[in-house]
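Below: one structure, written as structure tokens.
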Amino acid sequence: MKFTPFFNIHRALNAKMALFGGYQMPIQYAGGVKNEHLAVRKKLGVFDVSHMGEFMVEGPQAQKLLQYICSNDITKLYPGKAQYNYLPNKTGGIVDDLIVYQLEKEKYLLVVNASNIEKDWKWINKFNQSYNADVSDISDETSLLAIQGPKAIEAMQSLCDTNLKDLKNYCHTTTSFAGFKNILIATTGYTGSGGIEIYFNPEYAERIWERIINAGYNYGISPVGLAARDTLRIEMGYCLYGNEINDTTSPISAGLKWITKSKTNFIYHKKYEKTIKNESDNKLIGFEMNTRGIPRSDYQIYDKKENLIGKVTSGTQSPSLNKGIGLGYVKSDFSKIGKNLFIRIRDKLVPCTIVKVPFYKYKS
């Protein structure tokens, strides 16, 4: 079991803790999940996400290695730009999804899921034998906080010398923040409400947390746990590894064709080209409940004739919409927007309607 540098802070705030990705993480604080969720949608919240993994890939062969093992076109990156990706596997599934940041011409930062750190590390090094890039695991040397919400940029500006409003979406800069130098600030996140993520030395952790809370106090900042992080990402229709995507999931079925650049000849790309050409048997959908009912992971999905056609991968009572929403896979013939289906909740078939995601529309 591991602990992030913010563990004592979470405990002092009476956070409900649980094991996640090998770390003791805050699930929610005293104010409750709904209040934390709405704070991010309307104001701003701060998340400890230091459980995520970070790898550095450097050297003359760094770009070639990443172009081979990543699904997206790494050549489109430049220093200061980030890119969403996945690591393809030999069966047409997904080793992990990740964000790649280009820090310098021959220097990249990879941010991977906590539960996949060891698996990803072995996978990358297996193929690096042919490229000999300089690859290092800096996960234990890196802390990560996400400050998310419509007030995040404005509230955090007082801590930063760089004009944060100049940072476009999925961009980053290395600058001073909260009195410390060499802090990576990125306009990435997992909430759909804007904001920044900051990467820094764990030695600064408690002081940076305190200064973020102070800077955000007048804006209504709230500490936010993983439960609200999940409801926020579900409202946006974002995939979560282990739910919507995994080693056996087709990324095309999951709606990730947009980051599947098979023309770059990434590893095992022909398997993905075949799926794109022939289309997939199943598709990931978003749905809203028509009556009271909260869908949960692994609940079964039925058509009007009560035929089993799929299952729920993620579901919740949406705090923003005040209704049950969910994501799930169904047979492709039943995936059209507007189609009425049913979710088995306990012993009842509860009606729902397929809708276009995101469920929540953020206005910047």
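By convention in this document, the chains of the structure tokens carry letters A, B, ... by their order, each chain's residues are numbered from 1, and ligands are numbered from 1 in the order they are shown.
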field: Residues within 7 Å of A:Ser193, only C-alpha atoms, excluding chain neighbours under 5 positions, as a list of chain:residue names
entry: A:Val40, A:Arg41, A:Gln148, A:Gly149, A:Pro150, A:Tyr362
Could those residues be written to a file, using C-alpha atoms, as a PDB file, in the first residue's frame?
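Okay, this is what ended up in result.pdb:
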ATOM      1  CA  VAL A  40     -16.188  21.933  -9.814  1.00  0.00           C
ATOM      2  CA  ARG A  41     -19.034  22.655 -12.221  1.00  0.00           C
ATOM      3  CA  GLN A 148     -10.589  22.174 -12.061  1.00  0.00           C
ATOM      4  CA  GLY A 149     -13.603  24.383 -12.660  1.00  0.00           C
ATOM      5  CA  PRO A 150     -14.640  27.624 -14.395  1.00  0.00           C
ATOM      6  CA  TYR A 362     -19.775  23.106 -20.333  1.00  0.00           C
TER       7      TYR A 362
END
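Here atom CA of A:Lys168 stands at a distance of 19.6 Å from atom CA of A:Asn72.
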- prompt: Which is closer to A:Glu106 than all the others in A:Met17, A:Ala215, A:Ala12, A:Leu66, using only C-alpha atoms?
  reply: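 For A:Glu106, the nearest of the given residues is A:Leu66.
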Stretch 139-141 of chain A environment, 9 Å, only C-alpha atoms, sequence neighbours closer than 4 positions dropped, as a ChimeraX atom specification: /A:50-55,111,117,200-202
message: Show me, as a PyMOL selection string, the residues that have an atom within 10 Å of A:Asp230 when counting only C-alpha atoms, minus same-chain residues fewer than 2 positions from it.
response: chain A and resi 27+33+37+190-191+225-228+232-236+238+240+314-316
Export, as a JSON list (two decimals), in the first residue's frame, the selected residues with N, CA, C and O atoms.
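Okay, out_20.json is ready:
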[["chain", "number", "residue", "atom", "x", "y", "z"],
["A", 27, "ILE", "N", -11.84, 9.37, -1.14],
["A", 27, "ILE", "CA", -13.02, 9.11, -1.96],
["A", 27, "ILE", "C", -13.98, 10.29, -1.89],
["A", 27, "ILE", "O", -14.51, 10.73, -2.91],
["A", 33, "VAL", "N", -20.30, 14.04, -1.92],
["A", 33, "VAL", "CA", -19.96, 13.93, -3.34],
["A", 33, "VAL", "C", -20.68, 14.98, -4.18],
["A", 33, "VAL", "O", -20.08, 15.62, -5.04],
["A", 37, "HIS", "N", -18.90, 17.79, -6.47],
["A", 37, "HIS", "CA", -19.16, 17.78, -7.91],
["A", 37, "HIS", "C", -19.61, 19.16, -8.39],
["A", 37, "HIS", "O", -19.07, 19.71, -9.37],
["A", 190, "TYR", "N", -9.86, 15.93, -16.26],
["A", 190, "TYR", "CA", -10.76, 14.80, -16.45],
["A", 190, "TYR", "C", -12.18, 15.14, -16.04],
["A", 190, "TYR", "O", -12.96, 14.27, -15.70],
["A", 191, "THR", "N", -12.49, 16.45, -16.07],
["A", 191, "THR", "CA", -13.79, 16.89, -15.54],
["A", 191, "THR", "C", -14.69, 17.55, -16.58],
["A", 191, "THR", "O", -15.90, 17.59, -16.41],
["A", 225, "GLY", "N", -12.82, 14.52, -3.93],
["A", 225, "GLY", "CA", -12.33, 13.15, -3.92],
["A", 225, "GLY", "C", -12.59, 12.41, -5.22],
["A", 225, "GLY", "O", -13.14, 12.95, -6.18],
["A", 226, "LEU", "N", -12.21, 11.13, -5.23],
["A", 226, "LEU", "CA", -12.32, 10.33, -6.44],
["A", 226, "LEU", "C", -13.75, 10.01, -6.83],
["A", 226, "LEU", "O", -14.04, 9.77, -8.00],
["A", 227, "ALA", "N", -14.67, 10.02, -5.86],
["A", 227, "ALA", "CA", -16.07, 9.73, -6.19],
["A", 227, "ALA", "C", -16.64, 10.82, -7.10],
["A", 227, "ALA", "O", -17.29, 10.52, -8.11],
["A", 228, "ALA", "N", -16.40, 12.09, -6.76],
["A", 228, "ALA", "CA", -16.87, 13.19, -7.61],
["A", 228, "ALA", "C", -16.08, 13.25, -8.90],
["A", 228, "ALA", "O", -16.62, 13.64, -9.95],
["A", 232, "LEU", "N", -18.06, 13.36, -12.43],
["A", 232, "LEU", "CA", -17.73, 14.42, -13.39],
["A", 232, "LEU", "C", -17.35, 13.83, -14.74],
["A", 232, "LEU", "O", -17.81, 14.29, -15.79],
["A", 233, "ARG", "N", -16.51, 12.80, -14.73],
["A", 233, "ARG", "CA", -16.06, 12.23, -16.01],
["A", 233, "ARG", "C", -17.19, 11.46, -16.68],
["A", 233, "ARG", "O", -17.28, 11.44, -17.92],
["A", 234, "ILE", "N", -18.11, 10.86, -15.91],
["A", 234, "ILE", "CA", -19.25, 10.17, -16.53],
["A", 234, "ILE", "C", -20.14, 11.19, -17.24],
["A", 234, "ILE", "O", -20.61, 10.95, -18.35],
["A", 235, "GLU", "N", -20.39, 12.35, -16.62],
["A", 235, "GLU", "CA", -21.19, 13.38, -17.26],
["A", 235, "GLU", "C", -20.59, 13.83, -18.59],
["A", 235, "GLU", "O", -21.30, 14.27, -19.49],
["A", 236, "MET", "N", -19.27, 13.70, -18.73],
["A", 236, "MET", "CA", -18.61, 14.06, -19.98],
["A", 236, "MET", "C", -18.50, 12.90, -20.96],
["A", 236, "MET", "O", -18.06, 13.06, -22.09],
["A", 238, "TYR", "N", -16.41, 10.42, -20.65],
["A", 238, "TYR", "CA", -15.01, 10.01, -20.76],
["A", 238, "TYR", "C", -14.83, 8.55, -20.36],
["A", 238, "TYR", "O", -15.41, 8.10, -19.37],
["A", 240, "LEU", "N", -13.06, 5.31, -18.75],
["A", 240, "LEU", "CA", -12.22, 4.98, -17.61],
["A", 240, "LEU", "C", -11.64, 3.59, -17.83],
["A", 240, "LEU", "O", -12.38, 2.65, -18.11],
["A", 314, "SER", "N", -20.49, 2.13, -16.77],
["A", 314, "SER", "CA", -20.44, 3.15, -15.72],
["A", 314, "SER", "C", -21.81, 3.80, -15.61],
["A", 314, "SER", "O", -22.49, 4.01, -16.62],
["A", 315, "GLY", "N", -22.20, 4.16, -14.40],
["A", 315, "GLY", "CA", -23.48, 4.84, -14.23],
["A", 315, "GLY", "C", -23.52, 5.60, -12.93],
["A", 315, "GLY", "O", -22.78, 5.29, -11.98],
["A", 316, "THR", "N", -24.40, 6.60, -12.86],
["A", 316, "THR", "CA", -24.51, 7.42, -11.66],
["A", 316, "THR", "C", -25.79, 8.22, -11.70],
["A", 316, "THR", "O", -26.46, 8.30, -12.74]]
- request: Enumerate as a PyMOL selection string all residues of stretch 94-290 of chain A assigned to strand (DSSP E) by DSSP on the backbone, naming them with the chain letters and numbers the document uses.
  value: chain A and resi 94-104+107-112+134-137+143-148+172-177+180-186+195-200+222-224+282-289
task: Mind giving me the straight-line distance from atom CA of A:Thr75 to atom CA of A:Gly59 in Å, one decimal?
output: 14.9 Å
message: Which residues are close to A:Ala62, i.e. within 10 Å by only C-alpha atoms, leaving aside same-chain residues fewer than 6 positions away? Reply as number ranges by chain.
response: A: 56, 105-108, 128, 131-135
Store the residues picked out above in a file with N, CA and C atoms, as a tab-separated table (two decimals), in the first residue's frame.
chain	number	residue	atom	x	y	z
A	56	MET	N	9.32	9.30	-18.15
A	56	MET	CA	10.02	10.22	-19.03
A	56	MET	C	10.66	9.42	-20.16
A	105	LYS	N	12.40	19.17	-27.51
A	105	LYS	CA	12.48	18.53	-28.81
A	105	LYS	C	12.60	17.02	-28.69
A	106	GLU	N	13.42	16.54	-27.78
A	106	GLU	CA	13.65	15.10	-27.63
A	106	GLU	C	13.29	14.62	-26.23
A	107	LYS	N	12.27	15.24	-25.64
A	107	LYS	CA	11.91	14.90	-24.26
A	107	LYS	C	10.39	14.87	-24.10
A	108	TYR	N	9.86	13.73	-23.64
A	108	TYR	CA	8.42	13.54	-23.52
A	108	TYR	C	8.07	13.03	-22.11
A	128	ASN	N	11.19	-0.86	-26.44
A	128	ASN	CA	12.32	0.07	-26.47
A	128	ASN	C	13.64	-0.63	-26.75
A	131	TYR	N	14.82	0.49	-29.93
A	131	TYR	CA	15.01	1.93	-30.14
A	131	TYR	C	16.06	2.54	-29.22
A	132	ASN	N	16.17	1.97	-28.02
A	132	ASN	CA	17.17	2.43	-27.06
A	132	ASN	C	17.00	3.90	-26.67
A	133	ALA	N	15.75	4.33	-26.50
A	133	ALA	CA	15.49	5.66	-25.93
A	133	ALA	C	15.80	5.61	-24.44
A	134	ASP	N	16.01	6.75	-23.84
A	134	ASP	CA	16.25	6.85	-22.41
A	134	ASP	C	14.90	6.94	-21.71
A	135	VAL	N	14.49	5.86	-21.04
A	135	VAL	CA	13.17	5.77	-20.41
A	135	VAL	C	13.33	5.66	-18.90
Write out as a short mmCIF file (atom, residue, chain, number, x, y, z; two decimals) with N, CA and C atoms, in the first residue's frame which residues come within 6 Å of A:Lys311 when counting only C-alpha atoms, dropping same-chain ones fewer than 2 positions away.
data_model
loop_
_atom_site.label_atom_id
_atom_site.label_comp_id
_atom_site.auth_asym_id
_atom_site.auth_seq_id
_atom_site.Cartn_x
_atom_site.Cartn_y
_atom_site.Cartn_z
N ASP A 298 -22.09 -3.07 -14.81
CA ASP A 298 -22.45 -4.47 -15.03
C ASP A 298 -23.96 -4.73 -15.04
N TYR A 299 -24.79 -3.69 -14.85
CA TYR A 299 -26.22 -3.90 -15.04
C TYR A 299 -26.48 -4.27 -16.51
N GLN A 300 -27.45 -5.10 -16.76
CA GLN A 300 -27.74 -5.58 -18.10
C GLN A 300 -28.65 -4.61 -18.86
N ILE A 301 -28.44 -4.54 -20.18
CA ILE A 301 -29.23 -3.68 -21.06
C ILE A 301 -30.06 -4.55 -21.99
N GLY A 328 -22.44 2.41 -21.64
CA GLY A 328 -22.46 0.95 -21.76
C GLY A 328 -22.29 0.51 -23.19
N TYR A 329 -22.01 -0.76 -23.36
CA TYR A 329 -21.86 -1.35 -24.69
C TYR A 329 -23.13 -2.10 -25.07
#
List as a tab-separated table (two decimals) with N, CA, C and O atoms, in the first residue's frame the protein and nucleic acid residues near A:Lys43, meaning an atom at most 12 Å away when only C-alpha atoms are counted, but skip any in the same chain fewer than 3 places from it.
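Written out: part-v6.tsv:
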chain	number	residue	atom	x	y	z
A	35	ASN	N	-21.90	17.97	-3.41
A	35	ASN	CA	-21.37	19.32	-3.21
A	35	ASN	C	-20.00	19.48	-3.86
A	35	ASN	O	-19.70	20.54	-4.44
A	36	GLU	N	-19.17	18.45	-3.78
A	36	GLU	CA	-17.86	18.51	-4.42
A	36	GLU	C	-18.01	18.60	-5.94
A	36	GLU	O	-17.31	19.39	-6.61
A	37	HIS	N	-18.90	17.79	-6.47
A	37	HIS	CA	-19.16	17.78	-7.91
A	37	HIS	C	-19.61	19.16	-8.39
A	37	HIS	O	-19.07	19.71	-9.37
A	38	LEU	N	-20.60	19.73	-7.72
A	38	LEU	CA	-21.15	21.02	-8.15
A	38	LEU	C	-20.16	22.16	-7.94
A	38	LEU	O	-20.19	23.15	-8.67
A	39	ALA	N	-19.26	22.02	-6.95
A	39	ALA	CA	-18.21	23.04	-6.77
A	39	ALA	C	-17.33	23.12	-8.00
A	39	ALA	O	-16.96	24.20	-8.45
A	40	VAL	N	-17.02	21.96	-8.60
A	40	VAL	CA	-16.19	21.93	-9.81
A	40	VAL	C	-16.96	22.48	-11.01
A	40	VAL	O	-16.40	23.19	-11.85
A	46	VAL	N	-10.06	21.13	-5.99
A	46	VAL	CA	-8.69	20.62	-6.11
A	46	VAL	C	-8.69	19.13	-5.80
A	46	VAL	O	-9.26	18.68	-4.82
A	147	ILE	N	-6.54	21.26	-10.48
A	147	ILE	CA	-7.40	22.35	-10.03
A	147	ILE	C	-8.37	22.61	-11.16
A	147	ILE	O	-7.99	23.12	-12.23
A	148	GLN	N	-9.61	22.21	-10.98
A	148	GLN	CA	-10.59	22.17	-12.06
A	148	GLN	C	-11.82	23.02	-11.75
A	148	GLN	O	-12.25	23.12	-10.60
A	149	GLY	N	-12.39	23.60	-12.80
A	149	GLY	CA	-13.60	24.38	-12.66
A	149	GLY	C	-13.50	25.71	-13.39
A	149	GLY	O	-12.40	26.16	-13.74
A	150	PRO	N	-14.63	26.37	-13.62
A	150	PRO	CA	-14.64	27.62	-14.40
A	150	PRO	C	-13.88	28.77	-13.73
A	150	PRO	O	-13.51	29.72	-14.41
A	151	LYS	N	-13.64	28.69	-12.43
A	151	LYS	CA	-12.90	29.74	-11.73
A	151	LYS	C	-11.44	29.38	-11.49
A	151	LYS	O	-10.70	30.17	-10.89
A	152	ALA	N	-11.03	28.21	-11.94
A	152	ALA	CA	-9.70	27.71	-11.62
A	152	ALA	C	-8.58	28.60	-12.14
A	152	ALA	O	-7.64	28.94	-11.42
A	153	ILE	N	-8.66	28.98	-13.41
A	153	ILE	CA	-7.60	29.80	-14.02
A	153	ILE	C	-7.49	31.14	-13.32
A	153	ILE	O	-6.39	31.59	-12.95
A	154	GLU	N	-8.62	31.79	-13.12
A	154	GLU	CA	-8.63	33.09	-12.47
A	154	GLU	C	-8.09	33.00	-11.05
A	154	GLU	O	-7.28	33.84	-10.62
A	155	ALA	N	-8.50	32.00	-10.31
A	155	ALA	CA	-8.10	31.88	-8.91
A	155	ALA	C	-6.61	31.56	-8.77
A	155	ALA	O	-5.95	32.05	-7.85
A	193	SER	N	-14.72	20.76	-17.11
A	193	SER	CA	-15.07	22.11	-16.65
A	193	SER	C	-13.89	23.07	-16.70
A	193	SER	O	-13.92	24.13	-16.08
A	194	GLY	N	-12.85	22.71	-17.45
A	194	GLY	CA	-11.70	23.59	-17.57
A	194	GLY	C	-10.81	23.52	-16.34
A	194	GLY	O	-11.11	22.84	-15.36
A	195	GLY	N	-9.69	24.24	-16.41
A	195	GLY	CA	-8.77	24.27	-15.28
A	195	GLY	C	-7.39	23.80	-15.68
A	195	GLY	O	-7.04	23.74	-16.86
A	216	GLY	N	-7.66	30.05	-3.63
A	216	GLY	CA	-9.01	29.76	-4.11
A	216	GLY	C	-10.11	30.03	-3.10
A	216	GLY	O	-11.30	29.87	-3.43
A	217	TYR	N	-9.74	30.45	-1.90
A	217	TYR	CA	-10.72	30.60	-0.81
A	217	TYR	C	-11.88	31.52	-1.19
A	217	TYR	O	-13.06	31.17	-1.02
A	218	ASN	N	-11.54	32.70	-1.71
A	218	ASN	CA	-12.60	33.66	-2.05
A	218	ASN	C	-13.40	33.26	-3.29
A	218	ASN	O	-14.42	33.88	-3.59
A	219	TYR	N	-12.93	32.25	-3.98
A	219	TYR	CA	-13.64	31.77	-5.18
A	219	TYR	C	-14.50	30.54	-4.87
A	219	TYR	O	-15.19	30.02	-5.75
A	220	GLY	N	-14.44	30.06	-3.63
A	220	GLY	CA	-15.26	28.92	-3.25
A	220	GLY	C	-14.63	27.57	-3.52
A	220	GLY	O	-15.33	26.61	-3.81
A	221	ILE	N	-13.29	27.48	-3.39
A	221	ILE	CA	-12.60	26.23	-3.69
A	221	ILE	C	-13.00	25.13	-2.72
A	221	ILE	O	-13.29	25.40	-1.55
A	222	SER	N	-13.01	23.90	-3.21
A	222	SER	CA	-13.35	22.75	-2.39
A	222	SER	C	-12.40	21.61	-2.70
A	222	SER	O	-12.07	21.37	-3.86
A	223	PRO	N	-11.91	20.88	-1.68
A	223	PRO	CA	-11.18	19.64	-1.97
A	223	PRO	C	-12.16	18.62	-2.51
A	223	PRO	O	-13.31	18.53	-2.05
A	364	SER	N	-17.63	27.72	-21.52
A	364	SER	CA	-16.47	28.42	-20.97
A	364	SER	C	-16.75	29.91	-20.84
A	364	SER	O	-17.62	30.44	-21.51
message: Please compute the atom CA of A:Gly22-atom CA of A:Met1 distance, one decimal, in Å.
response: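 Computed distance, atom CA of A:Gly22 to atom CA of A:Met1, equals 5.4 Å.
When only C-alpha atoms are used to measure the gap to A:Ala30, the shortest distance among A:His10, A:Arg344, A:Lys356, A:Lys42 belongs to A:His10.
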task: Run DSSP on the backbone and grab whatever in stretch 91-234 of chain A lands in alpha helix (DSSP H); send it over as a PyMOL selection string.
output: chain A and resi 117-128+152-156+205-216+226-234
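With distances restricted to only C-alpha atoms, A:Lys257 is the closest residue to A:Lys277 from A:Lys16, A:Lys257, A:Lys2, A:Arg292.
With only C-alpha atoms as the basis for measurement, A:Asn282 is the residue among A:Ser115, A:Asn282, A:Ser71, A:Ser262 that approaches A:Thr249 most closely.
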